[in-house]
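S.K.: Quick one: the structure is below, and I'll ask about it shortly.
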Amino acid sequence: MREITDIAVAESGDSDFKERLETKNAKSWLKSVSAFANGIGGTLYFGVEDRTRRIIGIQDIQLTISKIAELIVARITPRPVFECIPLQQKGKDILAVRVDSGKHTPFYYVHDHHHTAYIRMGDESVPATDYQLNELILKGRNETYDSQITERLRTDYSFTLLEATYLHTLNQHMSDSDYVSFGLAVEDGRLTNAGLLFADQCPLPDSRVFCTRWSGLQRGSVHEDATDDAEYSGNLIYLLKSATEFIRRNTRKGWTKTANGRVEKPDYAERAYFEGVVNALIHRTYDFRGTEVHVEMYDDRLVISSPGGIYGGGELEPMSDGSYISKRRNPILADIFSRLRYMERRGSGIKKIFEATKNLYGYTEEKKPFFLVNKQNDFFLTIPNVNYRSESVTPHDAIHDTIHDKIALLLSFCQTPRSREEMMEFVGLRNRDHFHKKYLRPLLEQQKIEMTIPEKPQSKNQKYRTKETIK
């Protein structure tokens, strides 16, 4: 029996922890089996307290293994591939149940004749929405939305923009056979969804981008608080060019003097926002009605959002070279954009967003772009404006810009318990990872602040207070 130190037990989207095996309320853990099989796989740990990761242990490990196998076989369909791995720490038995990512999706939790497919959202297992269920069905058939064949004929549409861009980029004409080999049409002339998305008269109503330049730091009324707004619909190449041009015309390009002349100081790197729009158009879901890509510009940031979270579930996973593992929701669209040289090798787009922003004059770690998937499964890319300097929330902020000074301000601010969001707003920070790494974690480790609910570190009601004030 292996020691628990052989594996990583940490809060993660691909791990779940249960103190004991629930048999009467088996749904409490079987939904995670469904979610892991529908996504990237994962592991359930039985005998481990969820919040603190304290080892509780289980009494009869063989009986537990037998009951788990029985319930998975009875309640999850089709049957997922899983393995029960006994582990031990300091004489206490725990059980790891490893569930593989499945090919024959969706994997349903079945009870009382009801079938529910679950997916992972952060560290929770939640029911799949209608469009997520449709993606799982297509995945189980080894199909994607963009590869689906429609009843519309290629001869009823023109592809002037696509063909002109192809000729300009590759110095060669697209042939009739290219439409079939690229996945835009089938041999009988019918177009795929990918073909419709590249047609000049694209009929798909959700192929849209809404762009707004807000005045200030928050949304408001479009008519009263927006200095520029536009709506674009149709062909993907047109959407890419229009959205990037909107950002370009709303991006200030200042300059500063140097010893050898002057250096340009644009708010955003053109390569970064170009890659951001490309990712939004290529990796979004198109079969969720009433949705579109949004480009929203504020004084301090650019936000590009698209419907559909990370394809297949899980989180963005960086590789050793700084690129990210790419899971393509629409592989045909990605292939066409690659041929047109809007994209390079898989997974390099996000790396370029980071690199291009980092190379801007005035960049600091606080200005690092970041990603977010919300509970509605929308994907957000936020690129901070490297030239923006936050206006003061207190008279001190205009003077105290260093980490040391901001920490001093936080210690004073947290004499009254504050949430993470309140602390970040107080010192003018927006990047949660940077705040956690440079501010919150060091303060906790140095015991300068403490949690108000230490027994539940991940509580949504968690606040932090300066430890010296505790009597």
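Identifiers for the structure tokens are assigned positionally: chains receive A, B, ... in sequence, residues are indexed from 1 per chain, and ligands are indexed from 1 in the order shown.
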With DSSP run on the backbone, what are the helix (DSSP H, G or I) residues within range 60-296 of chain A? I'd like them as a PyMOL selection string.

M.R.: chain A and resi 61-75+130-140+145-147+154-156+160-170+176-181+193-198+222-225+236-249+270-283

S.K.: Hey, what's within 7 Å of range 94-109 of chain A if we count only C-alpha atoms and toss same-chain stuff fewer than 5 positions away? As a PyMOL selection string, please?

M.R.: chain A and resi 30-31+33-34+36-47+57-58+75-78+80-88+115-117+136-137+139-140

S.K.: Produce a file of the selected residues containing N, CA, C and O atoms, as a compact mmCIF listing (two decimals), in the first residue's frame.

M.R.:
```txt
# COMPACT_ATOMS: atom_id res chain seq x y z
N LEU A 30 -20.85 10.74 -6.76
CA LEU A 30 -20.99 10.18 -8.10
C LEU A 30 -21.07 11.26 -9.17
O LEU A 30 -20.67 11.05 -10.32
N LYS A 31 -21.57 12.45 -8.81
CA LYS A 31 -21.61 13.53 -9.80
C LYS A 31 -20.19 13.93 -10.22
O LYS A 31 -19.96 14.36 -11.35
N VAL A 33 -17.70 11.76 -10.39
CA VAL A 33 -17.28 10.69 -11.30
C VAL A 33 -17.75 11.02 -12.71
O VAL A 33 -17.00 10.92 -13.69
N SER A 34 -19.03 11.44 -12.83
CA SER A 34 -19.57 11.84 -14.12
C SER A 34 -18.77 13.00 -14.71
O SER A 34 -18.39 12.98 -15.88
N PHE A 36 -15.65 14.08 -14.02
CA PHE A 36 -14.28 13.71 -14.38
C PHE A 36 -14.26 12.95 -15.70
O PHE A 36 -13.41 13.19 -16.56
N ALA A 37 -15.19 12.01 -15.87
CA ALA A 37 -15.24 11.22 -17.10
C ALA A 37 -15.60 12.09 -18.30
O ALA A 37 -15.10 11.88 -19.41
N ASN A 38 -16.44 13.10 -18.09
CA ASN A 38 -16.83 14.00 -19.17
C ASN A 38 -15.75 15.03 -19.50
O ASN A 38 -15.80 15.66 -20.56
N GLY A 39 -14.80 15.22 -18.58
CA GLY A 39 -13.77 16.23 -18.77
C GLY A 39 -12.39 15.63 -18.96
O GLY A 39 -12.19 14.73 -19.79
N ILE A 40 -11.45 16.10 -18.14
CA ILE A 40 -10.05 15.68 -18.31
C ILE A 40 -9.66 14.56 -17.35
O ILE A 40 -8.47 14.23 -17.23
N GLY A 41 -10.64 13.98 -16.67
CA GLY A 41 -10.33 12.97 -15.67
C GLY A 41 -10.10 13.62 -14.31
O GLY A 41 -10.07 14.84 -14.18
N GLY A 42 -9.94 12.81 -13.29
CA GLY A 42 -9.71 13.34 -11.96
C GLY A 42 -9.68 12.25 -10.92
O GLY A 42 -9.82 11.05 -11.23
N THR A 43 -9.49 12.66 -9.67
CA THR A 43 -9.34 11.69 -8.58
C THR A 43 -10.20 12.10 -7.39
O THR A 43 -10.19 13.26 -6.96
N LEU A 44 -10.93 11.12 -6.86
CA LEU A 44 -11.68 11.27 -5.62
C LEU A 44 -10.88 10.64 -4.49
O LEU A 44 -10.41 9.50 -4.63
N TYR A 45 -10.72 11.37 -3.38
CA TYR A 45 -10.01 10.85 -2.21
C TYR A 45 -11.02 10.64 -1.08
O TYR A 45 -11.65 11.59 -0.63
N PHE A 46 -11.18 9.39 -0.65
CA PHE A 46 -12.06 9.07 0.45
C PHE A 46 -11.23 8.91 1.73
O PHE A 46 -10.18 8.26 1.72
N GLY A 47 -11.72 9.51 2.82
CA GLY A 47 -10.98 9.48 4.08
C GLY A 47 -10.17 10.74 4.31
O GLY A 47 -9.29 10.78 5.17
N GLY A 57 -9.17 8.95 7.45
CA GLY A 57 -9.03 7.50 7.34
C GLY A 57 -10.37 6.81 7.16
O GLY A 57 -11.43 7.36 7.46
N ILE A 58 -10.34 5.57 6.64
CA ILE A 58 -11.55 4.77 6.49
C ILE A 58 -11.31 3.42 7.16
O ILE A 58 -10.19 2.91 7.18
N ARG A 75 -24.85 3.38 -11.32
CA ARG A 75 -25.40 4.74 -11.44
C ARG A 75 -24.75 5.60 -12.54
O ARG A 75 -25.27 6.66 -12.83
N ILE A 76 -23.62 5.18 -13.10
CA ILE A 76 -22.98 5.98 -14.14
C ILE A 76 -23.05 5.22 -15.47
O ILE A 76 -22.62 4.07 -15.55
N THR A 77 -23.59 5.88 -16.49
CA THR A 77 -23.70 5.25 -17.81
C THR A 77 -23.27 6.23 -18.90
O THR A 77 -23.62 7.39 -18.84
N PRO A 78 -22.49 5.75 -19.89
CA PRO A 78 -21.86 4.43 -19.97
C PRO A 78 -20.83 4.25 -18.86
O PRO A 78 -20.49 5.22 -18.18
N PRO A 80 -17.63 4.31 -16.92
CA PRO A 80 -16.33 4.97 -17.08
C PRO A 80 -15.18 4.03 -16.71
O PRO A 80 -15.36 3.03 -16.02
N VAL A 81 -13.98 4.38 -17.14
CA VAL A 81 -12.78 3.65 -16.73
C VAL A 81 -12.28 4.27 -15.44
O VAL A 81 -12.03 5.47 -15.37
N PHE A 82 -12.17 3.45 -14.40
CA PHE A 82 -11.72 3.97 -13.10
C PHE A 82 -10.85 2.93 -12.40
O PHE A 82 -10.88 1.75 -12.71
N GLU A 83 -10.09 3.42 -11.42
CA GLU A 83 -9.20 2.55 -10.66
C GLU A 83 -9.24 2.96 -9.19
O GLU A 83 -9.17 4.14 -8.88
N CYS A 84 -9.35 2.00 -8.30
CA CYS A 84 -9.33 2.25 -6.86
C CYS A 84 -7.92 1.97 -6.33
O CYS A 84 -7.40 0.86 -6.49
N ILE A 85 -7.31 2.98 -5.72
CA ILE A 85 -5.91 2.87 -5.27
C ILE A 85 -5.84 3.07 -3.76
O ILE A 85 -6.02 4.19 -3.26
N PRO A 86 -5.60 2.01 -2.99
CA PRO A 86 -5.45 2.16 -1.53
C PRO A 86 -4.17 2.93 -1.20
O PRO A 86 -3.11 2.69 -1.78
N LEU A 87 -4.26 3.86 -0.25
CA LEU A 87 -3.12 4.66 0.19
C LEU A 87 -3.09 4.66 1.71
O LEU A 87 -4.08 4.31 2.36
N GLN A 88 -1.99 5.09 2.26
CA GLN A 88 -1.87 5.08 3.72
C GLN A 88 -0.97 6.21 4.18
O GLN A 88 0.00 6.58 3.52
N HIS A 115 -31.50 11.15 -16.09
CA HIS A 115 -30.11 11.15 -16.55
C HIS A 115 -29.56 12.58 -16.48
O HIS A 115 -30.12 13.49 -17.11
N THR A 116 -28.46 12.77 -15.76
CA THR A 116 -27.84 14.09 -15.66
C THR A 116 -26.35 13.97 -15.92
O THR A 116 -25.67 13.17 -15.27
N ALA A 117 -25.86 14.76 -16.86
CA ALA A 117 -24.42 14.80 -17.14
C ALA A 117 -23.82 15.97 -16.38
O ALA A 117 -24.35 17.07 -16.39
N LEU A 136 -20.77 17.56 -25.47
CA LEU A 136 -20.40 16.22 -25.01
C LEU A 136 -20.92 15.15 -25.96
O LEU A 136 -20.23 14.16 -26.24
N ILE A 137 -22.13 15.36 -26.48
CA ILE A 137 -22.69 14.39 -27.44
C ILE A 137 -21.84 14.37 -28.71
O ILE A 137 -21.51 13.30 -29.23
N LYS A 139 -18.71 15.26 -28.95
CA LYS A 139 -17.41 14.67 -28.61
C LYS A 139 -17.49 13.15 -28.61
O LYS A 139 -16.58 12.46 -29.08
N GLY A 140 -18.59 12.61 -28.08
CA GLY A 140 -18.78 11.16 -28.06
C GLY A 140 -18.89 10.56 -29.45
O GLY A 140 -18.59 9.38 -29.66
```

S.K.: Within range 192-417 of chain A, find each residue whose DSSP state, derived from the backbone, is strand (DSSP E or B), and express the selection as a PyMOL selection string.

M.R.: chain A and resi 192+208-214+226-233+253-258+261-266+293-297+301-307+318+324+370-373+378-384

S.K.: Which residues are close to Glu135 in chain A, i.e. within 10 Å by only C-alpha atoms, leaving aside same-chain residues fewer than 6 positions away? Reply as a PyMOL selection string.

M.R.: chain A and resi 105-106+128-129+141+143-145+285+287+311-312+329

S.K.: Between CA of Glu292 in chain A and CA of Asp130 in chain A, what is the spacing in Å?

M.R.: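 A separation of 16.9 Å between them.
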
S.K.: Could you name the residues that touch Phe210 in chain A at 12 Å or less, counting only C-alpha atoms, but leaving out those on the same chain fewer than 2 positions away, as JSON, numbers by chain?

M.R.: {"A": [206, 207, 208, 212, 213, 222, 228, 229, 230, 231, 232, 233, 239, 240, 242, 243, 244, 246, 247, 277, 291, 292, 293, 294, 295, 296, 297, 303, 304, 305, 306]}

S.K.: Determine, counting only C-alpha atoms, which protein, DNA and RNA residues have an atom within 12 Å of an atom of Gly183 in chain A; residues of the same chain fewer than 5 positions away are not included. Present the result as a ChimeraX atom specification.

M.R.: /A:144-149,176-178,189-198,330-336

S.K.: Could you check the closest approach to Phe379 in chain A for each of A:Val263, A:Ala269, A:Ile453, A:Ile310 and tell me which residue wins, using only C-alpha atoms?

M.R.: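 Among the listed residues, the smallest separation from Phe379 in chain A belongs to A:Ile310.
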
S.K.: Work out how far apart CA of Gln447 in chain A and CA of Leu411 in chain A are and give it in Å to one decimal.

M.R.: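 Distance reported for this atom pair: 11.4 Å.
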
S.K.: Using only C-alpha atoms, which protein or nucleic acid residues come within 7 Å of Ala199 in chain A? Drop anything in the same chain fewer than 5 positions from it, and give the result as an NGL selection string.

M.R.: :A and (157-159 or 235)

S.K.: For the selection just defined, write its residues with N, CA and C atoms to a file, as a short mmCIF file (atom, residue, chain, number, x, y, z; two decimals), in the first residue's frame.

M.R.:
```
data_model
loop_
_atom_site.label_atom_id
_atom_site.label_comp_id
_atom_site.auth_asym_id
_atom_site.auth_seq_id
_atom_site.Cartn_x
_atom_site.Cartn_y
_atom_site.Cartn_z
N TYR A 157 -23.57 30.80 -51.93
CA TYR A 157 -22.82 31.79 -51.16
C TYR A 157 -21.54 32.17 -51.89
N SER A 158 -21.04 33.36 -51.57
CA SER A 158 -19.74 33.78 -52.10
C SER A 158 -18.70 33.77 -50.98
N PHE A 159 -17.43 33.63 -51.37
CA PHE A 159 -16.33 33.56 -50.40
C PHE A 159 -15.21 34.50 -50.83
N ASN A 235 -18.99 37.17 -41.39
CA ASN A 235 -17.79 36.40 -41.69
C ASN A 235 -16.70 36.57 -40.62
#
```
